[in-house]
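> Starting off with a structure, shown below.
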Number of protein chains: 2
Amino acid sequence: MTRDNRQQVGKRDTRRATSYDVARLAGVSQSAVSRVFKTGASASQKMRERVLAAANEIGYRPNAIARGLITKRSNMIGVVISRMTNLYYPELLVQLTQSFSDRGIRVLLFTLEHESEIDVVLEHTLQYQVDGIVTAAILDSAQLDMLDAAGIPVVLYNRQAKDAQAAAVCCDQEEGEAWLVSRLIEAGHQRFAIISGPEDSTVSTQRTSGALRRLSEFGVNEVTVVAGDYSHESGFRGALEIQELLGALPDAVIAANDAMAIGCIDAAREVLGAQVPEAVSVVGFDGIGAAEYAAYQLTTVRQPVARMTHATVDMLLQRIENPEIGHEQRIFQGTPVRGRSARLTEDGGT
Amino acid sequence: MTRDNRQQVGKRDTRRATSYDVARLAGVSQSAVSRVFKTGASASQKMRERVLAAANEIGYRPNAIARGLITKRSNMIGVVISRMTNLYYPELLVQLTQSFSDRGIRVLLFTLEHESEIDVVLEHTLQYQVDGIVTAAILDSAQLDMLDAAGIPVVLYNRQAKDAQAAAVCCDQEEGEAWLVSRLIEAGHQRFAIISGPEDSTVSTQRTSGALRRLSEFGVNEVTVVAGDYSHESGFRGALEIQELLGALPDAVIAANDAMAIGCIDAAREVLGAQVPEAVSVVGFDGIGAAEYAAYQLTTVRQPVARMTHATVDMLLQRIENPEIGHEQRIFQGTPVRGRSARLTEDGGT
DNA sequence: GTTAGACTTGCATTCGTTTGCAACGAGTTT
DNA sequence: AAACTCGTTGCAAACGAATGCAAGTCTAAC
C-alpha cells in the first residue's frame, strides 16, 4: 500500500478521499457513508453526525462519476448549439444552464461550427452517458433513431425533425412572420425583400415561407429573397445584395433574425445612405438584447425564451423519468414588438 | 438473466451494450475489446476487424464514465462563467468549448448569477471529477487552496486571485486604458467620467484604476466615477447618472466595457440629446461584436480572445499533465481600435 | 418477560472499464 | 533443434459508490 502511494507521488500527490476512507475514520461501514450522503436514505442522527464530521475532516466529496456508473444516471444532459454567432443562442444557453442547474443537473456543452459535425458530437454525448439531450441543431431521422435505440431522450429546440417525430419546443415562426407582414402591409408597404437564414435551417425555412405565404395572401408575389447565415455580417451583405439586385431598396426588408436585421440597418444607413425606417422598414425576429439598443429599436417578434426554456427542461426531465412517454410539440407564440425600425400604423392591433 | 431483463422493461427497454457483449459476440476477451478501442494499444489487425464488426453490429460505445472511474481522468473540464449579460462571455465560451473539443476534452458549463454562488459550483465541479477548471469568476485564496488540495488545476481567465498566486491568462487592462486615456487627452479632452464595473470585479478595478492613474499622470484628478454592472442597461443608467451629478456631460466617458459604452451612447443620444462623439466621446473595452455595429463603431481595446483562449487551454492541459508545474501569468496586450465613438487626433501613434 | 415491529447497520455484489501480469505462439538466431 | 525474442491475448484485480438482503438494535405492547 505504502509502496503504491510512493509510485503515485509523481502523478498526483494526494489521492482523493473515498467513502471507505470516511468509513474507516468514522468507524462505520462504507455503505453507511453512502447512505448519509444520499438524501432520503435511512441513517440515524448519530451516524449522520459522525460521518459528516469525518467526511469534513478529510475533505470527502462523493464521486459523481462512480455514482453514475452504478445508478445509470449521470445527471448530466448534453446541450448542442450551432452557430453561436447568432446572438440568440447565448441568451438561451444561460437560461438553460441555470434552469437545469436548479434541478440538480449539469450541462455538458457542445458547440457546432458546421451542422455536419453533429454526428461526432452525438457520439460524444452518448459516450459520456448523458441522461438526455437538448439540441438547437437539426437531427435527421437516422440520428433520432440512433438516440432512441440508445434510450436517450431528446428535445429539439426550435427545430422540426425531418421526416420524423420528436419532442420539440418551438416558437411559432410562421405566426410571428404573419404578424410582421400584416403590420407592414397595413402601413402601406408594397415592395418587399427577405434576408433568409441558411438553407439547412428549418427555422429560417419556416420564417421565410411564413412571410412569403402571408405576403401572397395580400397579393404580393414578387419578393426578392437573399440568403444569409444569421450573422450580423451576413445581414449587412444581404442589404447590399438586395440593393444590387433591385437597383434600389424595397419598402421593407424582412430579416430572418435580429442580428441580420441590425446588419441590414447598418448597411442601409452607412453604405446606402438610406434612413431607417423612413426610407426602408426593417424587421427581424427573436427579440435579442441588441434589438433594444436605441440605435435600432427593432420591430420584431420576441421569443418567450424563459417559458420555452422551462418547457424544454420539463419535457426532457419528464422523458428521462419515463422514457415511454410519447412525442409532444409545444409551440409558443412570440411577443410582437412594435419598435421603431419599421413604419407601422398607430394602433395596429396585436 | 431473462427475468432480470423483464424487470427492467419499465425503466429502459434496451440495456446499453457493453464491452462484454461485444467480446462474446466476437468470441474474444473483454480486455481485447478494450484494447481495440484504446488508440495505441497492441491488437492485431484480425482482432481489430472482428471486434469493430461486432461492436458495430450491436451499437457498442465505450462508456466514458466507467473509463473515467478507472483512469482517474474524466476528460471533462469545468468552465465557470459569471454575468453572461456581458456580451464578451458568449464569444469566449464558444472559442473555449471549440478549443477544448479539438483536444478531445468536454466542457461542463456552470453559469453564475451572483459570484457568491461560486462555492456551490466548485463543489459540483469537484464531484464530477473534472480534470481542471477555467474560471471567469473570482476565487479567493481559500477556494484556491481547496482546489489545490483536491489536486485540480485552475486557470483564471482575466482574473487575479486575491492575496494568492494562481495560473492566469489576462488581458493587460491597465495598458489598454492607458492607451485610451492618452488618445483622449491628446485630442484635448479635459473633463472625464468613468462608468466602472461591479466592485467585486478585479477586471473593473484594474481598468478603472488604470484609467485614473493615467489621467492623473496628465494632471486630471477630478473624475466622476459611477458604478455599473457590465450590462448595457447599466451603461445607459450610468450616463444619466453622470449627467445628473455633473449637471452636464463631460468631454469623455470611459466605460469599463463595451456593453456599457454602447448603453452610454444610447442614453446620450436618445435621452440627453448629445451627439457622439461630437458632444461627448465614449470609449469601451473588450472589442465585442456589437462594438463594430455601424451605429456605434466603438473606440475600444479589443482583447485577443483567440490567443487568450489558446493560452488558457494550453496552460490548463499542461497543468493537468504535470500538476507540479508552478504558477504562471500570461498577460496579453489588447488591440487598440480607433473607432468613431471618440474624437481622436488623426495620427495618434499605436 | 416475551415478542412483534420499525429502524439501523453491515456484508457482499454490481456497474463497465483499464491494465499489470503471465501465457502463448510465431519467427529469428545460434 | 534449442533458445530467445517480441507482439498478442486472456485473466483477474482494481476504480468508488449504490443497494438488496439479512442481522442487529431498540422500543412498545402484550
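Starting from 1 in every chain, residues are counted up; chains themselves are A, B, ... following the order of the C-alpha cells, and ligands are numbered from 1 as listed.
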List the neighbours of Asn56 of chain B out to 12 Å using only C-alpha atoms (C1' of nucleotides); skip same-chain residues closer than 6 positions along the sequence, and give me the result as a short mmCIF file (atom, residue, chain, number, x, y, z; two decimals) with all heavy atoms, in the first residue's frame.

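File selection-v6.cif, as written:
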data_model
loop_
_atom_site.label_atom_id
_atom_site.label_comp_id
_atom_site.auth_asym_id
_atom_site.auth_seq_id
_atom_site.Cartn_x
_atom_site.Cartn_y
_atom_site.Cartn_z
N ALA B 17 -25.21 -1.73 -24.67
CA ALA B 17 -24.23 -2.76 -24.96
C ALA B 17 -22.91 -2.44 -24.27
O ALA B 17 -22.48 -1.29 -24.23
CB ALA B 17 -24.00 -2.85 -26.47
N THR B 18 -22.29 -3.47 -23.69
CA THR B 18 -21.01 -3.26 -23.01
C THR B 18 -19.90 -3.99 -23.75
O THR B 18 -20.16 -4.73 -24.70
CB THR B 18 -21.07 -3.81 -21.57
OG1 THR B 18 -20.98 -5.24 -21.65
CG2 THR B 18 -22.34 -3.39 -20.88
N SER B 19 -18.71 -3.79 -23.27
CA SER B 19 -17.58 -4.43 -23.93
C SER B 19 -17.69 -5.95 -23.80
O SER B 19 -17.19 -6.68 -24.66
CB SER B 19 -16.27 -3.94 -23.32
OG SER B 19 -16.28 -4.14 -21.93
N ASP B 21 -20.47 -7.67 -24.04
CA ASP B 21 -21.38 -8.09 -25.12
C ASP B 21 -20.60 -8.20 -26.43
O ASP B 21 -20.76 -9.17 -27.17
CB ASP B 21 -22.51 -7.07 -25.27
CG ASP B 21 -23.32 -6.94 -23.99
OD1 ASP B 21 -23.37 -7.93 -23.23
OD2 ASP B 21 -23.89 -5.86 -23.76
N VAL B 22 -19.79 -7.20 -26.67
CA VAL B 22 -19.00 -7.20 -27.90
C VAL B 22 -18.06 -8.39 -27.89
O VAL B 22 -17.94 -9.13 -28.88
CB VAL B 22 -18.19 -5.90 -28.04
CG1 VAL B 22 -17.31 -5.96 -29.28
CG2 VAL B 22 -19.11 -4.70 -28.07
N LEU B 25 -19.83 -11.67 -28.59
CA LEU B 25 -20.20 -11.77 -30.00
C LEU B 25 -19.00 -12.02 -30.91
O LEU B 25 -19.07 -12.80 -31.87
CB LEU B 25 -20.91 -10.48 -30.43
CG LEU B 25 -21.44 -10.45 -31.87
CD1 LEU B 25 -22.43 -11.58 -32.10
CD2 LEU B 25 -22.09 -9.11 -32.17
N ALA B 26 -17.89 -11.38 -30.57
CA ALA B 26 -16.70 -11.53 -31.42
C ALA B 26 -15.89 -12.76 -31.03
O ALA B 26 -14.94 -13.13 -31.71
CB ALA B 26 -15.84 -10.27 -31.33
N ARG B 48 -8.75 -6.54 -34.44
CA ARG B 48 -9.35 -5.23 -34.63
C ARG B 48 -10.63 -5.34 -35.49
O ARG B 48 -11.68 -4.85 -35.13
CB ARG B 48 -8.31 -4.33 -35.33
CG ARG B 48 -8.57 -2.87 -35.19
CD ARG B 48 -7.29 -2.06 -35.31
NE ARG B 48 -6.93 -1.41 -34.06
CZ ARG B 48 -5.80 -1.56 -33.43
NH1 ARG B 48 -4.88 -2.36 -33.92
NH2 ARG B 48 -5.58 -0.95 -32.29
N GLU B 49 -10.49 -6.00 -36.60
CA GLU B 49 -11.63 -6.11 -37.51
C GLU B 49 -12.80 -6.84 -36.89
O GLU B 49 -13.95 -6.39 -36.97
CB GLU B 49 -11.21 -6.82 -38.80
CG GLU B 49 -10.43 -5.90 -39.75
CD GLU B 49 -9.70 -6.68 -40.82
OE1 GLU B 49 -10.01 -7.89 -40.97
OE2 GLU B 49 -8.83 -6.10 -41.50
N ARG B 50 -12.51 -7.96 -36.28
CA ARG B 50 -13.59 -8.74 -35.68
C ARG B 50 -14.32 -7.94 -34.62
O ARG B 50 -15.55 -7.91 -34.56
CB ARG B 50 -13.03 -10.03 -35.06
CG ARG B 50 -12.75 -11.09 -36.10
CD ARG B 50 -12.08 -12.29 -35.48
NE ARG B 50 -12.93 -12.98 -34.50
CZ ARG B 50 -12.52 -14.01 -33.76
NH1 ARG B 50 -11.28 -14.45 -33.91
NH2 ARG B 50 -13.32 -14.59 -32.91
N PRO B 62 -17.97 2.87 -26.12
CA PRO B 62 -17.27 2.82 -24.84
C PRO B 62 -17.91 3.78 -23.85
O PRO B 62 -18.33 4.87 -24.22
CB PRO B 62 -15.85 3.25 -25.18
CG PRO B 62 -15.80 3.53 -26.63
CD PRO B 62 -17.09 3.16 -27.24
#
> With the cut-off set at 8 Å and counting only C-alpha atoms, tabulate each residue of chain B with an atom at most that distance from an atom of chain A, showing the nearest atom pair and its distance in Å to one decimal, ordered by chain and increasing number, as CSV.

residue,atom,partner,partner_atom,distance
B:Lys11,CA,A:Asn322,CA,7.3
B:Arg12,CA,A:Gly151,CA,6.9
B:Asp13,CA,A:Gly151,CA,7.6
B:Thr14,CA,A:Gly151,CA,7.0
B:Arg16,CA,A:Ala150,CA,6.8
B:Arg61,CA,A:Gln127,CA,6.1
B:Pro62,CA,A:Gln127,CA,6.0
B:Asn63,CA,A:Gln127,CA,5.2
B:Ala64,CA,A:Tyr128,CA,5.1
B:Ile65,CA,A:Ile65,CA,6.0
B:Ala66,CA,A:Leu69,CA,6.2
B:Gly68,CA,A:Ile65,CA,7.4
B:Leu69,CA,A:Ala66,CA,6.2
B:Met84,CA,A:Val94,CA,7.0
B:Pro90,CA,A:Pro90,CA,5.7
B:Val94,CA,A:Thr111,CA,6.8
B:Thr97,CA,A:Thr111,CA,6.8
B:Gln98,CA,A:Thr111,CA,6.7
B:Arg106,CA,A:Leu108,CA,7.0
B:Val107,CA,A:Leu109,CA,5.6
B:Leu108,CA,A:Leu108,CA,4.6
B:Leu109,CA,A:Val107,CA,5.7
B:Phe110,CA,A:Thr97,CA,7.0
B:Thr111,CA,A:Gln98,CA,6.7
B:Leu126,CA,A:Arg61,CA,7.6
B:Gln127,CA,A:Asn63,CA,5.2
B:Tyr128,CA,A:Ala64,CA,5.1
B:Gln129,CA,A:Asn63,CA,6.9
B:Ala149,CA,A:Thr14,CA,7.4
B:Ala150,CA,A:Arg16,CA,6.8
B:Gly151,CA,A:Arg12,CA,7.0
B:Gly263,CA,A:Tyr293,CA,7.4
B:Asp266,CA,A:Ala294,CA,5.2
B:Ala267,CA,A:Ala294,CA,7.8
B:Glu270,CA,A:Ala294,CA,6.7
B:Ala290,CA,A:Ala290,CA,7.9
B:Tyr293,CA,A:Asp266,CA,6.8
B:Ala294,CA,A:Asp266,CA,5.2
B:Ala295,CA,A:Ala295,CA,6.2
B:Asn322,CA,A:Lys11,CA,7.4
B:Pro323,CA,A:Arg12,CA,7.0
> Quick one: everything within 12 Å of DA22 of chain D, counting only C-alpha atoms (C1' of nucleotides), minus sequence neighbours fewer than 4 positions away in the same chain. Send it as a list in words.
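These residues fall inside the cut-off: DT9, DG10, DC11 and DA12 of chain C.
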> Would you export the selected residues with C-alpha atoms (C1' of nucleotides) as a compact mmCIF listing (two decimals), in the first residue's frame, please?

# COMPACT_ATOMS: atom_id res chain seq x y z
C1' DT C 9 -26.43 -1.03 10.01
C1' DG C 10 -23.06 -4.12 7.62
C1' DC C 11 -21.93 -7.57 4.04
C1' DA C 12 -21.17 -8.52 -0.42
> For the structure I just gave you, how does DSSP split segment 56-119 of chain A - specifically, which residues are strand (DSSP E)? Reply as a list in words.
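Of segment 56-119 of chain A, only Met76, Ile77, Gly78, Val79, Val80, Ile81, Ser82, Arg106, Val107, Leu108, Leu109, Phe110, Thr111 and Leu112 of chain A fall in strand (DSSP E).
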> Could you write those residues out with C-alpha atoms, as a CSV table (one decimal), in the first residue's frame?

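Written out: selection.csv:
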chain,number,residue,atom,x,y,z
A,76,MET,CA,-25.7,15.3,-17.0
A,77,ILE,CA,-27.5,16.4,-20.1
A,78,GLY,CA,-25.9,17.4,-23.4
A,79,VAL,CA,-26.7,20.7,-24.9
A,80,VAL,CA,-25.9,21.0,-28.6
A,81,ILE,CA,-25.8,24.5,-30.0
A,82,SER,CA,-24.8,25.6,-33.5
A,106,ARG,CA,-25.2,19.5,-15.1
A,107,VAL,CA,-24.8,20.7,-18.6
A,108,LEU,CA,-22.2,19.3,-21.0
A,109,LEU,CA,-21.9,21.8,-23.7
A,110,PHE,CA,-21.2,21.1,-27.4
A,111,THR,CA,-20.9,23.8,-30.0
A,112,LEU,CA,-21.1,23.2,-33.7
> As a VMD selection string, please: all residues of segment 48-271 of chain A that backbone DSSP puts in alpha helix (DSSP H).
chain A and resid 48 to 58 64 to 71 88 to 102 118 to 127 141 to 150 173 to 186 202 to 217 232 to 246 258 to 270
> Would you write out those residues with C-alpha atoms, as a short mmCIF file (atom, residue, chain, number, x, y, z; two decimals), in the first residue's frame?

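And here's selection09.cif as it stands now:
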data_model
loop_
_atom_site.label_atom_id
_atom_site.label_comp_id
_atom_site.auth_asym_id
_atom_site.auth_seq_id
_atom_site.Cartn_x
_atom_site.Cartn_y
_atom_site.Cartn_z
CA ARG A 48 -25.05 11.22 10.30
CA GLU A 49 -23.03 13.44 12.59
CA ARG A 50 -20.11 11.09 12.89
CA VAL A 51 -19.90 10.52 9.17
CA LEU A 52 -20.28 14.16 8.30
CA ALA A 53 -17.59 15.08 10.77
CA ALA A 54 -15.20 12.53 9.36
CA ALA A 55 -16.03 13.50 5.81
CA ASN A 56 -15.41 17.09 6.61
CA GLU A 57 -12.14 16.33 8.25
CA ILE A 58 -10.61 14.66 5.24
CA ALA A 64 -20.46 11.64 -9.14
CA ILE A 65 -18.77 9.56 -11.80
CA ALA A 66 -18.75 6.42 -9.70
CA ARG A 67 -22.30 7.08 -8.65
CA GLY A 68 -23.33 7.43 -12.25
CA LEU A 69 -21.81 4.11 -13.07
CA ILE A 70 -23.93 2.21 -10.62
CA THR A 71 -27.15 4.23 -10.79
CA TYR A 88 -29.94 34.48 -29.67
CA TYR A 89 -28.11 31.40 -28.50
CA PRO A 90 -26.06 32.82 -25.69
CA GLU A 91 -29.23 34.06 -24.05
CA LEU A 92 -30.81 30.69 -24.46
CA LEU A 93 -27.77 28.90 -23.16
CA VAL A 94 -27.62 30.88 -19.97
CA GLN A 95 -31.21 30.23 -19.17
CA LEU A 96 -30.97 26.56 -19.99
CA THR A 97 -27.91 26.05 -17.88
CA GLN A 98 -29.43 27.94 -14.99
CA SER A 99 -32.63 26.04 -15.23
CA PHE A 100 -31.01 22.63 -15.34
CA SER A 101 -28.67 23.62 -12.59
CA ASP A 102 -31.62 24.47 -10.37
CA ILE A 118 -23.43 16.75 -35.38
CA ASP A 119 -22.73 13.04 -35.78
CA VAL A 120 -19.45 13.25 -33.97
CA VAL A 121 -20.97 15.33 -31.26
CA LEU A 122 -23.84 12.93 -30.68
CA GLU A 123 -21.31 10.15 -30.41
CA HIS A 124 -19.54 12.08 -27.69
CA THR A 125 -22.67 12.83 -25.75
CA LEU A 126 -23.52 9.15 -25.78
CA GLN A 127 -20.10 8.11 -24.59
CA SER A 141 -34.45 10.60 -38.65
CA ALA A 142 -31.45 8.27 -38.64
CA GLN A 143 -29.91 10.27 -35.85
CA LEU A 144 -33.16 10.33 -33.92
CA ASP A 145 -33.49 6.59 -34.32
CA MET A 146 -30.00 6.12 -33.06
CA LEU A 147 -30.70 8.13 -29.94
CA ASP A 148 -33.95 6.34 -29.47
CA ALA A 149 -32.19 3.00 -29.72
CA ALA A 150 -29.70 4.21 -27.15
CA GLN A 173 -42.27 31.24 -36.57
CA GLU A 174 -44.99 31.45 -39.19
CA GLU A 175 -47.42 33.22 -36.97
CA GLY A 176 -44.75 35.67 -35.92
CA GLU A 177 -43.89 36.48 -39.51
CA ALA A 178 -47.58 36.77 -40.29
CA TRP A 179 -47.91 39.48 -37.68
CA LEU A 180 -44.93 41.35 -39.05
CA VAL A 181 -46.12 41.13 -42.63
CA SER A 182 -49.64 42.17 -41.72
CA ARG A 183 -48.44 45.27 -39.94
CA LEU A 184 -46.16 46.16 -42.82
CA ILE A 185 -48.87 45.70 -45.43
CA GLU A 186 -51.33 47.57 -43.29
CA THR A 202 -35.78 24.83 -40.57
CA VAL A 203 -36.33 27.94 -38.52
CA SER A 204 -35.30 30.03 -41.47
CA THR A 205 -37.40 27.99 -43.85
CA GLN A 206 -40.44 28.41 -41.68
CA ARG A 207 -39.92 32.10 -41.19
CA THR A 208 -39.27 32.76 -44.82
CA SER A 209 -42.12 30.64 -46.09
CA GLY A 210 -44.41 32.06 -43.42
CA ALA A 211 -43.62 35.56 -44.60
CA LEU A 212 -43.98 34.64 -48.25
CA ARG A 213 -47.30 32.96 -47.66
CA ARG A 214 -48.74 35.90 -45.83
CA LEU A 215 -47.40 38.27 -48.45
CA SER A 216 -49.01 36.25 -51.17
CA GLU A 217 -52.30 36.32 -49.28
CA HIS A 232 -24.74 40.50 -38.41
CA GLU A 233 -22.21 40.46 -41.19
CA SER A 234 -24.48 38.48 -43.48
CA GLY A 235 -27.36 40.86 -42.86
CA PHE A 236 -25.09 43.68 -43.86
CA ARG A 237 -24.12 41.93 -47.06
CA GLY A 238 -27.73 40.96 -47.64
CA ALA A 239 -28.80 44.58 -47.75
CA LEU A 240 -26.13 45.39 -50.30
CA GLU A 241 -27.11 42.41 -52.37
CA ILE A 242 -30.74 43.43 -52.37
CA GLN A 243 -29.81 46.93 -53.45
CA GLU A 244 -27.78 45.48 -56.26
CA LEU A 245 -30.47 43.09 -57.43
CA LEU A 246 -33.25 45.65 -57.31
CA ASP A 258 -32.50 40.21 -35.34
CA ALA A 259 -28.76 40.02 -35.86
CA MET A 260 -29.23 40.19 -39.62
CA ALA A 261 -31.84 42.92 -39.29
CA ILE A 262 -29.31 45.00 -37.42
CA GLY A 263 -26.69 44.28 -40.04
CA CYS A 264 -29.16 45.28 -42.70
CA ILE A 265 -29.93 48.56 -40.95
CA ASP A 266 -26.23 49.27 -40.62
CA ALA A 267 -25.68 48.76 -44.31
CA ALA A 268 -28.71 50.82 -45.27
CA ARG A 269 -27.64 53.77 -43.16
CA GLU A 270 -23.94 53.55 -43.55
#
> Can you check which residues of chain C have any atom within 12 Å of chain B? Use only C-alpha atoms (C1' of nucleotides) and format it as a list of chain:residue names.
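Only these qualify: C:DC15, C:DG16, C:DT17, C:DT18, C:DT19.
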> Restrict the selected residues to N, CA and C atoms (P, O5', C5', C4', C3', O3' and C1' of nucleotides) and save them as a PDB file, in the first residue's frame.

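Saved to selection_22.pdb:
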ATOM      1  P    DC C  15     -23.817  -5.968 -13.247  1.00  0.00           P
ATOM      2  O5'  DC C  15     -23.458  -4.462 -13.608  1.00  0.00           O
ATOM      3  C5'  DC C  15     -24.385  -3.416 -13.379  1.00  0.00           C
ATOM      4  C4'  DC C  15     -23.666  -2.094 -13.476  1.00  0.00           C
ATOM      5  C3'  DC C  15     -22.663  -2.067 -14.625  1.00  0.00           C
ATOM      6  O3'  DC C  15     -23.271  -1.440 -15.742  1.00  0.00           O
ATOM      7  C1'  DC C  15     -21.764  -1.121 -12.581  1.00  0.00           C
ATOM      8  P    DG C  16     -23.128  -2.185 -17.161  1.00  0.00           P
ATOM      9  O5'  DG C  16     -21.716  -1.646 -17.675  1.00  0.00           O
ATOM     10  C5'  DG C  16     -21.570  -0.271 -17.920  1.00  0.00           C
ATOM     11  C4'  DG C  16     -20.110   0.019 -18.158  1.00  0.00           C
ATOM     12  C3'  DG C  16     -19.481  -0.815 -19.280  1.00  0.00           C
ATOM     13  O3'  DG C  16     -18.663   0.041 -20.036  1.00  0.00           O
ATOM     14  C1'  DG C  16     -18.242  -1.069 -17.308  1.00  0.00           C
ATOM     15  P    DT C  17     -18.052  -0.402 -21.408  1.00  0.00           P
ATOM     16  O5'  DT C  17     -16.687   0.402 -21.386  1.00  0.00           O
ATOM     17  C5'  DT C  17     -15.504  -0.264 -21.063  1.00  0.00           C
ATOM     18  C4'  DT C  17     -14.754   0.544 -20.051  1.00  0.00           C
ATOM     19  C3'  DT C  17     -13.263   0.372 -20.199  1.00  0.00           C
ATOM     20  O3'  DT C  17     -12.722   1.539 -20.765  1.00  0.00           O
ATOM     21  C1'  DT C  17     -13.995  -0.089 -17.940  1.00  0.00           C
ATOM     22  P    DT C  18     -11.310   1.393 -21.542  1.00  0.00           P
ATOM     23  O5'  DT C  18     -10.245   1.198 -20.370  1.00  0.00           O
ATOM     24  C5'  DT C  18      -9.957   2.291 -19.535  1.00  0.00           C
ATOM     25  C4'  DT C  18      -8.950   1.878 -18.494  1.00  0.00           C
ATOM     26  C3'  DT C  18      -7.574   1.507 -19.051  1.00  0.00           C
ATOM     27  O3'  DT C  18      -6.621   2.108 -18.198  1.00  0.00           O
ATOM     28  C1'  DT C  18      -8.407  -0.261 -17.741  1.00  0.00           C
ATOM     29  P    DT C  19      -5.122   2.346 -18.701  1.00  0.00           P
ATOM     30  O5'  DT C  19      -4.357   1.143 -18.008  1.00  0.00           O
ATOM     31  C5'  DT C  19      -4.531   0.913 -16.620  1.00  0.00           C
ATOM     32  C4'  DT C  19      -3.866  -0.385 -16.211  1.00  0.00           C
ATOM     33  C3'  DT C  19      -2.660  -0.775 -17.078  1.00  0.00           C
ATOM     34  O3'  DT C  19      -1.677  -1.323 -16.217  1.00  0.00           O
ATOM     35  C1'  DT C  19      -4.176  -2.524 -17.028  1.00  0.00           C
TER      36       DT C  19
END
> For DA4 of chain C, list every protein, DNA or RNA residue within 12 Å, evaluated using only C-alpha atoms (C1' of nucleotides), and leave out those in the same chain fewer than 3 positions away; present the list as a PyMOL selection string.
chain D and resi 27-30
